[in-house]
>>> print(open('model24.cif').read())   # mmCIF, C-alpha atoms and all ligand atoms
data_input
loop_
_atom_site.label_atom_id
_atom_site.label_comp_id
_atom_site.auth_asym_id
_atom_site.auth_seq_id
_atom_site.Cartn_x
_atom_site.Cartn_y
_atom_site.Cartn_z
CA MET A 143 -31.54 -19.92 14.76
CA ASN A 144 -28.34 -18.91 12.99
CA SER A 145 -25.27 -19.68 15.00
CA TYR A 146 -22.97 -17.40 12.98
CA HIS A 147 -22.20 -13.86 13.70
CA PHE A 148 -19.47 -12.33 11.58
CA ASP A 149 -18.08 -9.20 13.18
CA LYS A 150 -15.03 -8.35 11.08
CA ASP A 151 -14.96 -5.06 9.20
CA LEU A 152 -14.29 -5.78 5.52
CA THR A 153 -13.06 -2.22 4.97
CA LEU A 154 -10.29 -2.46 7.60
CA GLN A 155 -6.76 -2.46 6.19
CA GLU A 156 -3.55 -3.34 8.01
CA PRO A 157 -1.41 -0.60 9.56
CA LEU A 158 1.29 0.81 7.30
CA PRO A 159 4.81 -0.62 7.70
CA GLU A 160 6.96 1.08 10.34
CA GLU A 161 9.38 2.12 7.60
CA SER A 162 6.58 4.03 5.84
CA ILE A 163 5.74 5.79 9.07
CA ARG A 164 9.41 6.62 9.73
CA GLN A 165 9.89 8.03 6.21
CA ALA A 166 6.66 10.00 6.41
CA VAL A 167 7.72 11.55 9.71
CA ALA A 168 11.03 12.55 8.12
CA VAL A 169 9.11 14.35 5.35
CA LEU A 170 6.92 16.05 7.94
CA ARG A 171 9.97 17.19 9.92
CA SER A 172 11.51 18.61 6.75
CA GLY A 173 8.37 20.58 5.85
CA ARG A 174 9.06 19.70 2.21
CA LEU A 175 5.75 18.10 1.35
CA HIS A 176 5.33 19.58 -2.11
CA ARG A 177 7.06 17.40 -4.67
CA TYR A 178 9.00 20.28 -6.19
CA ASN A 179 10.17 21.61 -2.81
CA THR A 180 13.49 19.79 -3.04
CA THR A 181 17.11 20.50 -2.18
CA ALA A 182 20.30 19.97 -4.18
CA GLY A 183 21.11 16.55 -2.71
CA ASP A 184 17.53 15.31 -2.33
CA PRO A 185 15.27 14.74 -5.36
CA GLY A 186 12.27 14.17 -3.09
CA GLU A 187 10.15 11.12 -2.33
CA ALA A 188 7.79 11.56 -5.31
CA ALA A 189 10.63 11.59 -7.84
CA LEU A 190 12.26 8.56 -6.17
CA LEU A 191 8.97 6.65 -6.09
CA GLU A 192 8.56 7.26 -9.82
CA THR A 193 11.93 5.76 -10.72
CA GLU A 194 11.34 2.81 -8.40
CA PHE A 195 7.84 2.14 -9.70
CA ALA A 196 8.89 2.41 -13.34
CA ALA A 197 11.60 -0.19 -12.66
CA TRP A 198 9.11 -2.40 -10.81
CA ALA A 199 6.62 -2.16 -13.70
CA GLY A 200 9.30 -2.77 -16.32
CA LYS A 201 8.49 0.53 -18.05
CA LYS A 202 10.68 3.50 -18.95
CA TYR A 203 8.67 6.20 -17.22
CA CYS A 204 6.33 6.75 -14.30
CA LEU A 205 4.34 9.74 -13.09
CA ALA A 206 2.90 9.90 -9.57
CA CYS A 207 -0.57 11.47 -9.60
CA ALA A 208 -3.29 12.56 -7.20
CA SER A 209 -5.40 9.46 -7.97
CA CYS A 210 -5.74 6.63 -10.46
CA GLY A 211 -8.82 8.35 -11.90
CA SER A 212 -6.77 11.47 -12.65
CA SER A 213 -3.96 9.35 -14.12
CA ILE A 214 -6.47 7.68 -16.49
CA TYR A 215 -7.84 11.04 -17.51
CA MET A 216 -4.36 12.43 -18.20
CA ALA A 217 -3.29 9.24 -20.01
CA LEU A 218 -6.31 9.53 -22.32
CA LEU A 219 -5.51 13.14 -23.13
CA ALA A 220 -1.79 12.51 -23.50
CA ALA A 221 -2.57 9.57 -25.82
CA GLY A 222 -4.40 12.02 -28.06
CA VAL A 223 -8.07 11.67 -27.09
CA LYS A 224 -9.88 14.84 -28.15
CA ALA A 225 -13.36 16.02 -27.17
CA GLY A 226 -15.91 14.02 -29.14
CA ASP A 227 -13.60 11.05 -29.78
CA THR A 228 -15.08 7.61 -29.26
CA VAL A 229 -13.26 5.40 -26.76
CA LEU A 230 -13.98 1.69 -26.42
CA CYS A 231 -14.27 0.55 -22.80
CA ASN A 232 -15.58 -2.54 -21.01
CA ALA A 233 -18.97 -1.72 -19.48
CA TYR A 234 -18.20 -3.29 -16.09
CA THR A 235 -15.90 -0.91 -14.25
CA LEU A 236 -15.71 1.56 -11.40
CA ALA A 237 -17.21 5.06 -11.49
CA PRO A 238 -13.84 6.92 -11.81
CA VAL A 239 -13.40 5.30 -15.25
CA PRO A 240 -16.51 6.79 -16.89
CA GLY A 241 -15.61 9.92 -14.94
CA ALA A 242 -12.19 10.04 -16.61
CA LEU A 243 -13.80 9.49 -20.03
CA PHE A 244 -16.25 12.30 -19.38
CA ASN A 245 -13.45 14.56 -18.15
CA ALA A 246 -11.57 13.93 -21.42
CA GLY A 247 -14.69 14.77 -23.43
CA ALA A 248 -14.69 11.23 -24.82
CA ILE A 249 -17.77 9.35 -25.93
CA PRO A 250 -17.61 5.79 -24.63
CA LEU A 251 -18.55 2.84 -26.78
CA PHE A 252 -19.11 0.24 -24.09
CA VAL A 253 -18.17 -3.36 -24.73
CA GLU A 254 -19.94 -6.33 -23.14
CA ILE A 255 -18.30 -8.53 -20.53
CA GLY A 256 -18.34 -12.33 -20.59
CA ALA A 257 -19.16 -14.96 -17.96
CA ASN A 258 -15.77 -14.54 -16.28
CA HIS A 259 -16.34 -10.78 -15.88
CA THR A 260 -13.65 -9.69 -18.35
CA ILE A 261 -14.20 -7.93 -21.68
CA ASP A 262 -16.07 -10.03 -24.27
CA LEU A 263 -13.52 -10.47 -27.04
CA GLU A 264 -16.14 -11.11 -29.72
CA ASP A 265 -18.00 -7.92 -28.89
CA LEU A 266 -14.68 -6.04 -28.74
CA GLU A 267 -13.72 -7.35 -32.17
CA LYS A 268 -17.13 -6.39 -33.53
CA LYS A 269 -17.06 -2.87 -32.08
CA ALA A 270 -13.41 -2.28 -33.02
CA ALA A 271 -14.29 -3.28 -36.60
CA LEU A 272 -16.83 -0.43 -36.75
CA GLY A 273 -13.80 1.83 -37.11
CA GLN A 274 -15.31 4.50 -34.88
CA SER A 275 -12.54 4.54 -32.33
CA ARG A 276 -8.76 4.69 -32.10
CA PHE A 277 -8.63 3.93 -28.37
CA LEU A 278 -9.40 1.13 -25.93
CA LEU A 279 -9.56 1.90 -22.23
CA LEU A 280 -9.47 -1.56 -20.66
CA SER A 281 -10.40 -1.72 -16.99
CA HIS A 282 -9.25 -4.84 -15.14
CA MET A 283 -12.25 -4.56 -12.88
CA ARG A 284 -12.03 -6.25 -9.46
CA GLY A 285 -8.65 -7.69 -10.42
CA HIS A 286 -9.70 -9.87 -13.37
CA SER A 287 -7.36 -9.81 -16.37
CA ALA A 288 -8.76 -10.44 -19.83
CA ASP A 289 -6.84 -12.63 -22.30
CA MET A 290 -4.22 -9.96 -22.96
CA ASP A 291 -2.68 -11.78 -25.92
CA ALA A 292 -6.05 -11.61 -27.65
CA VAL A 293 -6.71 -8.01 -26.57
CA VAL A 294 -3.32 -6.83 -27.86
CA ASP A 295 -3.93 -8.70 -31.11
CA ILE A 296 -7.30 -6.96 -31.60
CA CYS A 297 -5.74 -3.58 -30.78
CA THR A 298 -2.93 -4.16 -33.27
CA ARG A 299 -5.22 -5.27 -36.08
CA HIS A 300 -7.67 -2.39 -35.57
CA ASN A 301 -5.08 0.25 -34.80
CA LEU A 302 -6.34 0.91 -31.28
CA LYS A 303 -4.20 2.61 -28.66
CA LEU A 304 -4.54 0.60 -25.46
CA ILE A 305 -4.70 2.24 -22.04
CA GLU A 306 -4.96 -0.14 -19.09
CA ASP A 307 -6.77 0.66 -15.88
CA SER A 308 -4.76 -1.56 -13.55
CA ALA A 309 -6.10 0.04 -10.36
CA HIS A 310 -6.95 -3.40 -9.04
CA THR A 311 -4.27 -5.47 -10.77
CA MET A 312 -1.06 -4.04 -9.34
CA GLY A 313 1.18 -7.11 -9.18
CA ALA A 314 -1.06 -9.27 -11.40
CA LYS A 315 0.32 -10.81 -14.59
CA TRP A 316 -0.92 -12.32 -17.83
CA ASN A 317 1.34 -15.03 -19.20
CA GLY A 318 4.17 -13.75 -17.01
CA LYS A 319 3.85 -10.11 -18.12
CA LYS A 320 2.75 -7.46 -15.63
CA SER A 321 -0.69 -5.90 -15.83
CA GLY A 322 -0.39 -2.29 -16.95
CA SER A 323 2.52 -3.01 -19.30
CA PHE A 324 0.63 -4.23 -22.38
CA GLY A 325 -0.43 -0.97 -23.97
CA LEU A 326 0.58 2.61 -24.50
CA ALA A 327 -0.02 3.44 -20.83
CA GLY A 328 -0.96 1.72 -17.59
CA CYS A 329 -2.67 3.35 -14.61
CA PHE A 330 -2.51 2.16 -10.99
CA SER A 331 -4.20 3.25 -7.79
CA THR A 332 -2.65 3.68 -4.36
CA GLN A 333 -5.98 4.41 -2.75
CA THR A 334 -6.57 2.68 0.61
CA TYR A 335 -8.55 -0.27 -0.81
CA LYS A 336 -6.00 -1.25 -3.46
CA HIS A 337 -2.64 -3.01 -3.11
CA ILE A 338 -0.43 -0.29 -1.67
CA ASN A 339 -1.95 2.40 0.50
CA SER A 340 -1.38 6.15 0.60
CA GLY A 341 -5.00 7.09 1.19
CA GLU A 342 -5.25 8.48 -2.34
CA GLY A 343 -2.85 8.36 -5.24
CA GLY A 344 -2.21 7.13 -8.77
CA LEU A 345 0.76 5.95 -10.82
CA LEU A 346 0.92 6.23 -14.59
CA VAL A 347 3.51 4.19 -16.50
CA THR A 348 4.52 4.24 -20.16
CA ASP A 349 7.47 3.75 -22.52
CA ASP A 350 6.35 6.68 -24.66
CA PRO A 351 8.47 9.84 -24.15
CA GLU A 352 5.90 12.25 -25.56
CA LEU A 353 3.05 10.74 -23.56
CA ILE A 354 4.96 11.05 -20.27
CA ALA A 355 6.08 14.60 -21.10
CA ARG A 356 2.49 15.65 -21.71
CA ALA A 357 1.28 13.80 -18.63
CA ILE A 358 3.92 15.46 -16.44
CA ILE A 359 2.85 18.89 -17.66
CA TYR A 360 -0.88 18.03 -17.31
CA SER A 361 -0.24 16.88 -13.74
CA GLY A 362 0.86 20.39 -12.83
CA SER A 363 4.64 20.55 -13.16
CA TYR A 364 4.77 24.38 -13.33
CA MET A 365 7.45 23.74 -15.95
CA LEU A 366 9.64 22.23 -13.23
CA TYR A 367 9.78 19.01 -15.19
CA ASP A 368 13.56 18.93 -14.89
CA LYS A 369 13.02 17.94 -11.23
CA HIS A 370 11.62 14.61 -12.41
CA LEU A 371 14.08 11.71 -12.53
CA SER A 372 11.76 9.48 -14.59
CA ARG A 373 11.51 11.56 -17.74
CA PRO A 374 12.75 12.01 -21.32
CA ASP A 375 15.06 14.77 -22.55
CA ASP A 376 14.17 18.47 -22.41
CA GLU A 377 13.61 18.54 -26.17
CA ILE A 378 10.49 16.41 -25.83
CA PHE A 379 9.04 18.80 -23.25
CA LYS A 380 9.87 21.84 -25.36
CA ALA A 381 7.78 20.44 -28.18
CA VAL A 382 4.62 20.09 -26.05
CA ARG A 383 4.94 22.49 -23.10
CA LEU A 384 2.94 25.39 -24.50
CA GLU A 385 0.05 23.32 -25.77
CA THR A 386 -0.47 21.37 -22.54
CA PRO A 387 -2.55 22.81 -19.67
CA ASN A 388 -1.86 22.32 -15.96
CA TYR A 389 -4.58 20.16 -14.33
CA SER A 390 -3.00 20.20 -10.87
CA SER A 391 -3.11 16.46 -10.11
CA ARG A 392 0.27 15.85 -8.49
CA MET A 393 1.21 13.44 -5.76
CA ASP A 394 3.03 14.96 -2.78
CA ASN A 395 6.20 13.74 -1.04
CA LEU A 396 4.30 12.60 2.03
CA ARG A 397 2.24 10.04 0.17
CA ALA A 398 5.21 8.96 -1.91
CA ALA A 399 7.14 8.37 1.33
CA LEU A 400 4.34 6.10 2.55
CA LEU A 401 4.39 4.09 -0.67
CA ARG A 402 8.09 3.40 -1.29
CA PRO A 403 8.54 0.85 1.53
CA GLN A 404 5.21 -0.80 0.64
CA LEU A 405 6.42 -1.61 -2.85
CA GLY A 406 9.02 -3.89 -1.30
CA GLU A 407 6.33 -5.77 0.65
CA LEU A 408 3.97 -6.20 -2.28
CA ASP A 409 5.03 -9.69 -3.37
CA ALA A 410 4.73 -11.08 0.15
CA ASN A 411 1.31 -9.49 0.51
CA ILE A 412 0.15 -10.91 -2.82
CA GLU A 413 0.86 -14.37 -1.41
CA ARG A 414 -1.18 -13.56 1.68
CA TRP A 415 -4.10 -12.26 -0.43
CA ASN A 416 -4.04 -15.35 -2.60
CA GLU A 417 -3.97 -17.71 0.38
CA ARG A 418 -7.24 -16.14 1.47
CA TYR A 419 -8.66 -16.02 -2.05
CA VAL A 420 -7.97 -19.69 -2.75
CA LEU A 421 -9.62 -20.71 0.50
CA LEU A 422 -12.70 -18.60 -0.21
CA GLU A 423 -12.89 -19.69 -3.83
CA LYS A 424 -12.68 -23.38 -2.96
CA GLY A 425 -15.39 -22.99 -0.32
CA LEU A 426 -17.70 -20.94 -2.55
CA ARG A 427 -17.37 -23.37 -5.46
CA ASP A 428 -18.73 -26.14 -3.23
CA ILE A 429 -21.94 -24.22 -2.51
CA PRO A 430 -24.86 -25.28 -4.73
CA GLY A 431 -26.15 -22.30 -6.71
CA VAL A 432 -22.93 -20.26 -6.34
CA VAL A 433 -20.55 -19.86 -9.31
CA CYS A 434 -17.12 -18.19 -9.15
CA PRO A 435 -15.60 -16.83 -12.36
CA LEU A 436 -12.95 -19.09 -13.87
CA ARG A 437 -9.40 -17.83 -13.63
CA PRO A 438 -7.40 -18.85 -16.69
CA GLU A 439 -4.07 -20.57 -16.18
CA LYS A 440 -2.19 -17.71 -17.85
CA GLU A 441 -3.59 -15.25 -15.32
CA SER A 442 -1.66 -14.72 -12.12
CA TYR A 443 -3.95 -12.60 -10.03
CA VAL A 444 -3.97 -10.70 -6.76
CA GLY A 445 -6.97 -11.97 -4.81
CA SER A 446 -7.79 -8.79 -2.92
CA SER A 447 -11.51 -9.29 -3.58
CA ILE A 448 -13.69 -12.17 -4.69
CA GLN A 449 -16.79 -12.28 -6.87
CA PHE A 450 -19.47 -14.85 -7.50
CA ASN A 451 -22.72 -15.16 -9.42
CA LEU A 452 -26.00 -16.80 -8.46
CA PRO A 453 -27.08 -17.83 -11.97
CA GLY A 454 -30.81 -17.83 -12.55
CA ALA A 455 -31.61 -16.08 -9.27
CA SER A 456 -34.35 -13.47 -9.43
CA GLU A 457 -34.07 -10.05 -7.83
CA GLY A 458 -36.25 -11.33 -4.99
CA ASP A 459 -34.02 -14.37 -4.48
CA ILE A 460 -30.94 -12.17 -4.31
CA ARG A 461 -32.50 -9.72 -1.89
CA ARG A 462 -33.45 -12.60 0.41
CA PHE A 463 -29.97 -14.10 0.05
CA LEU A 464 -28.27 -10.77 0.86
CA ALA A 465 -30.59 -10.23 3.85
CA ALA A 466 -29.78 -13.71 5.22
CA ASN A 467 -26.05 -12.95 4.98
CA GLU A 468 -26.60 -9.55 6.58
CA ALA A 469 -28.49 -11.19 9.46
CA MET A 470 -25.33 -13.21 10.15
CA GLY A 471 -23.19 -10.06 10.04
CA LEU A 472 -21.83 -10.49 6.52
CA HIS A 473 -22.39 -7.54 4.22
CA LEU A 474 -22.05 -8.48 0.54
CA LYS A 475 -21.86 -6.03 -2.33
CA TRP A 476 -24.22 -6.60 -5.22
CA PHE A 477 -23.88 -5.13 -8.73
CA GLY A 478 -27.56 -5.66 -9.56
CA GLU A 479 -29.09 -2.61 -7.87
CA ALA A 480 -30.85 -0.17 -10.20
CA GLU A 481 -29.22 2.79 -8.42
CA PRO A 482 -25.55 3.01 -7.33
CA VAL A 483 -24.89 1.71 -3.79
CA GLY A 484 -21.36 2.22 -2.46
CA PHE A 485 -18.88 1.36 -5.19
CA THR A 486 -21.28 -0.83 -7.17
CA SER A 487 -22.57 1.62 -9.77
CA THR A 488 -23.20 0.31 -13.29
CA TYR A 489 -23.11 1.74 -16.80
CA GLU A 490 -26.87 2.39 -16.69
CA SER A 491 -26.43 5.02 -14.00
CA TRP A 492 -23.65 7.00 -15.75
CA ARG A 493 -26.28 9.15 -17.45
CA TYR A 494 -23.95 12.14 -17.93
CA LEU A 495 -22.18 10.13 -20.62
CA GLY A 496 -25.24 9.82 -22.78
CA GLY A 497 -23.79 6.61 -24.21
CA GLN A 498 -25.56 3.43 -25.20
CA THR A 499 -27.02 1.33 -22.41
CA GLN A 500 -28.14 -1.74 -24.35
CA LEU A 501 -25.73 -4.37 -23.09
CA PRO A 502 -27.98 -7.36 -22.36
CA GLN A 503 -25.16 -9.82 -21.63
CA THR A 504 -23.46 -7.48 -19.14
CA ARG A 505 -26.82 -6.64 -17.54
CA LEU A 506 -27.56 -10.33 -17.02
CA ILE A 507 -24.16 -11.03 -15.43
CA LEU A 508 -24.29 -7.97 -13.15
CA SER A 509 -27.85 -8.79 -12.05
CA THR A 510 -26.55 -11.75 -9.98
CA LEU A 511 -22.99 -10.61 -9.25
CA CYS A 512 -21.91 -10.41 -5.61
CA ASP A 513 -18.59 -9.15 -4.29
CA ILE A 514 -16.54 -9.38 -1.11
CA ARG A 515 -13.42 -7.41 -0.29
CA ILE A 516 -10.55 -9.43 1.15
CA PRO A 517 -8.52 -7.10 3.36
CA LEU A 518 -5.40 -8.66 4.87
CA THR A 519 -6.88 -8.08 8.32
CA LEU A 520 -9.06 -11.14 7.64
CA SER A 521 -7.62 -14.32 9.07
CA LEU A 522 -7.95 -17.68 7.31
CA GLU A 523 -10.51 -18.62 9.99
CA ASP A 524 -12.50 -15.50 9.08
CA CYS A 525 -12.50 -16.67 5.45
CA GLU A 526 -13.79 -20.08 6.52
CA GLN A 527 -16.55 -18.39 8.47
CA ILE A 528 -17.51 -16.29 5.44
CA VAL A 529 -17.88 -19.48 3.39
CA SER A 530 -20.05 -21.09 6.09
CA ILE A 531 -22.30 -18.04 6.28
CA ILE A 532 -22.77 -17.84 2.51
CA ALA A 533 -23.44 -21.59 2.34
CA LEU A 534 -26.12 -21.32 5.00
CA ALA A 535 -27.68 -18.22 3.41
CA ALA A 536 -27.75 -19.91 -0.01
CA HIS A 537 -29.33 -23.02 1.50
CA GLN A 538 -31.97 -20.97 3.30
CA THR A 539 -32.92 -18.61 0.48
CA LEU A 540 -32.10 -19.89 -3.00
CA PRO A 541 -34.86 -21.88 -4.73
CA ALA A 542 -34.10 -25.61 -4.92
CA ASN A 543 -33.88 -25.64 -8.74
CA LEU A 544 -30.97 -23.16 -8.60
CA ARG A 545 -29.14 -25.29 -6.10
CA ASP A 546 -29.13 -28.60 -7.93
CA HIS A 547 -25.97 -28.35 -9.93
C1 LIG A 601 -10.06 2.18 -7.53
C2 LIG A 601 -10.26 2.04 -8.97
C3 LIG A 601 -10.13 3.14 -9.83
C4 LIG A 601 -9.87 4.54 -9.37
O1 LIG A 601 -8.83 4.69 -8.48
P1 LIG A 601 -8.71 6.05 -7.63
O2 LIG A 601 -7.29 6.05 -7.21
O3 LIG A 601 -9.68 5.94 -6.50
O4 LIG A 601 -9.05 7.18 -8.54
C5 LIG A 601 -10.31 2.93 -11.16
N1 LIG A 601 -10.59 1.72 -11.67
C6 LIG A 601 -10.74 0.63 -10.88
C7 LIG A 601 -11.06 -0.69 -11.49
C8 LIG A 601 -10.58 0.75 -9.51
O5 LIG A 601 -10.73 -0.34 -8.73
#
>>> encode(input="model24.cif", output="structure tokens", more="lines below")
Ligand SMILES: *Cc1c(COP(=O)(O)O)cnc(C)c1O
Amino acid sequence: MNSYHFDKDLTLQEPLPEESIRQAVAVLRSGRLHRYNTTAGDPGEAALLETEFAAWAGKKYCLACASCGSSIYMALLAAGVKAGDTVLCNAYTLAPVPGALFNAGAIPLFVEIGANHTIDLEDLEKKAALGQSRFLLLSHMRGHSADMDAVVDICTRHNLKLIEDSAHTMGAKWNGKKSGSFGLAGCFSTQTYKHINSGEGGLLVTDDPELIARAIIYSGSYMLYDKHLSRPDDEIFKAVRLETPNYSSRMDNLRAALLRPQLGELDANIERWNERYVLLEKGLRDIPGVVCPLRPEKESYVGSSIQFNLPGASEGDIRRFLAANEAMGLHLKWFGEAEPVGFTSTYESWRYLGGQTQLPQTRLILSTLCDIRIPLTLSLEDCEQIVSIIALAAHQTLPANLRDH
């Protein structure tokens, strides 16, 4: 009875640029894959990527890491988080974020999210005012930026050090300022499903000389920090080198070689993502019962995924809705499952943290939150087909009272 059959793979990324492949082959031919295996005239791809990314981000320093999760963990430690310290964090995020908190020995104090999926500023203000924490780890989950003017204001008034998880906001801006540049440190991911692709990888940026010195040593510099181009003077390292362990979380020259050419293509790709996003968003907004989060005018986003809620839908409604989409070949992610499925785990399942789990507002939003990746391998026609499928599934499965808005 359904005439649609969607057969695109939503996990399929585009091939890497030829220049990335050429540079990577050059690294392979040299045998110098380890970032510190350099020669007099050649600082290595990792060191070059760091200077280029710091310049791109508008920050003084950058460290290339094994993953964004490891860069968050090292940023927390380098910012001064000690075992047992409380860290404020929005409750809606990806599993590597609670993992990084756990790794740092931090105790999270989760903050609610609001209707548009970003941190609830009132709850943040309230929890910051408790005075239990000196840190905010803010995760721009699924590419949504909070009101960063307000966040920075709260951090300033309550003396909170801000660390941004910009894994999904590389290239996004708030009021013209780049995501990841608002706080003490910003962390980015170069994992395959983010905005530049080296399989795995992370980039930590900061203006703080002591933080970057500690992070470089944490990442496993074997005291070869003088091989970094993006770094402060030796004096800064001397002050911290013997009190900073080696956590072996470096990026290698091969992955850095893949990334450098992609940085130059990022802006063009952001336009392509947003072309798809705008089309999907417009289509989804026209479907009765489906609500997309509002994107404030000050936010310039990278639409590499799209989210929507089905307000008022019961678990049964959602399961029927998801099944109808699935029957037409469209697999949607849903953040309402009790147990983690794929990347959609929620704060309730991070039991190792032993933190609070009473976040009724976040629970309610997640219970009807659906998600679709937007890889650039999707054509605009594919996006139109996705809208048609979701419209039909909503029509077939959502109760009439949810559809009459
Ligand atoms: C992907 C992602 C991470 C972790 O990135 P890795 O490089 O896989 O460690 C963290 N936070 C968010 C919001 C992400 O999307």
>>> atom_distance(input="model24.cif", atom1="CA of Ala398 (chain A)", atom2="CA of Ala242 (chain A)")
22.8 Å
>>> residues_near_ligand(input="model24.cif", ligand="ligand LIG 601 (chain A)", cutoff="10 Å", atoms="all atoms listed in the file", output="PyMOL selection string")
chain A and resi 207-215+234-242+280-286+306-311+329-336+340-345+485
>>> closest_residue(input="model24.cif", among="A:Leu366, A:Ala199, A:Leu540, A:Ile261", to="Asp349 (chain A)", atoms="all atoms listed in the file")
A:Ala199
>>> atom_distance(input="model24.cif", atom1="CA of Leu205 (chain A)", atom2="CA of Ile358 (chain A)")
6.6 Å
>>> residues_near_point(input="model24.cif", point="(7.4, 4.8, -27.2)", cutoff="12 Å", atoms="only C-alpha atoms", output="ChimeraX atom specification")
/A:201-203,221,303,325-327,347-355,374
>>> write_last_selection(input="model24.cif", atoms="C-alpha atoms", output="PDB file, in the frame of the given file")
ATOM      1  CA  LYS A 201       8.490   0.530 -18.050  1.00  0.00           C
ATOM      2  CA  LYS A 202      10.680   3.500 -18.950  1.00  0.00           C
ATOM      3  CA  TYR A 203       8.670   6.200 -17.220  1.00  0.00           C
ATOM      4  CA  ALA A 221      -2.570   9.570 -25.820  1.00  0.00           C
ATOM      5  CA  LYS A 303      -4.200   2.610 -28.660  1.00  0.00           C
ATOM      6  CA  GLY A 325      -0.430  -0.970 -23.970  1.00  0.00           C
ATOM      7  CA  LEU A 326       0.580   2.610 -24.500  1.00  0.00           C
ATOM      8  CA  ALA A 327      -0.020   3.440 -20.830  1.00  0.00           C
ATOM      9  CA  VAL A 347       3.510   4.190 -16.500  1.00  0.00           C
ATOM     10  CA  THR A 348       4.520   4.240 -20.160  1.00  0.00           C
ATOM     11  CA  ASP A 349       7.470   3.750 -22.520  1.00  0.00           C
ATOM     12  CA  ASP A 350       6.350   6.680 -24.660  1.00  0.00           C
ATOM     13  CA  PRO A 351       8.470   9.840 -24.150  1.00  0.00           C
ATOM     14  CA  GLU A 352       5.900  12.250 -25.560  1.00  0.00           C
ATOM     15  CA  LEU A 353       3.050  10.740 -23.560  1.00  0.00           C
ATOM     16  CA  ILE A 354       4.960  11.050 -20.270  1.00  0.00           C
ATOM     17  CA  ALA A 355       6.080  14.600 -21.100  1.00  0.00           C
ATOM     18  CA  PRO A 374      12.750  12.010 -21.320  1.00  0.00           C
TER      19      PRO A 374
END
>>> atom_distance(input="model24.cif", atom1="CA of Ile514 (chain A)", atom2="CA of Glu457 (chain A)")
18.8 Å
>>> residues_near_point(input="model24.cif", point="(8.0, 5.5, -5.6)", cutoff="9 Å", atoms="only C-alpha atoms", output="JSON, numbers by chain")
{"A": [187, 188, 189, 190, 191, 192, 193, 194, 195, 196, 204, 206, 345, 398, 399, 400, 401, 402, 403, 405]}
>>> residues_around(input="model24.cif", residues="Trp476 (chain A)", least_positions_apart="6", cutoff="7 Å", atoms="all atoms listed in the file", output="ChimeraX atom specification")
/A:486,511-513
>>> closest_residue(input="model24.cif", among="A:Leu302, A:Ile249, A:Gln500, A:Asp524", to="Ala270 (chain A)", atoms="all atoms listed in the file")
A:Leu302
>>> closest_residue(input="model24.cif", among="A:Ala455, A:Val294, A:Ile338, A:Leu501", to="Glu156 (chain A)", atoms="all atoms listed in the file")
A:Ile338
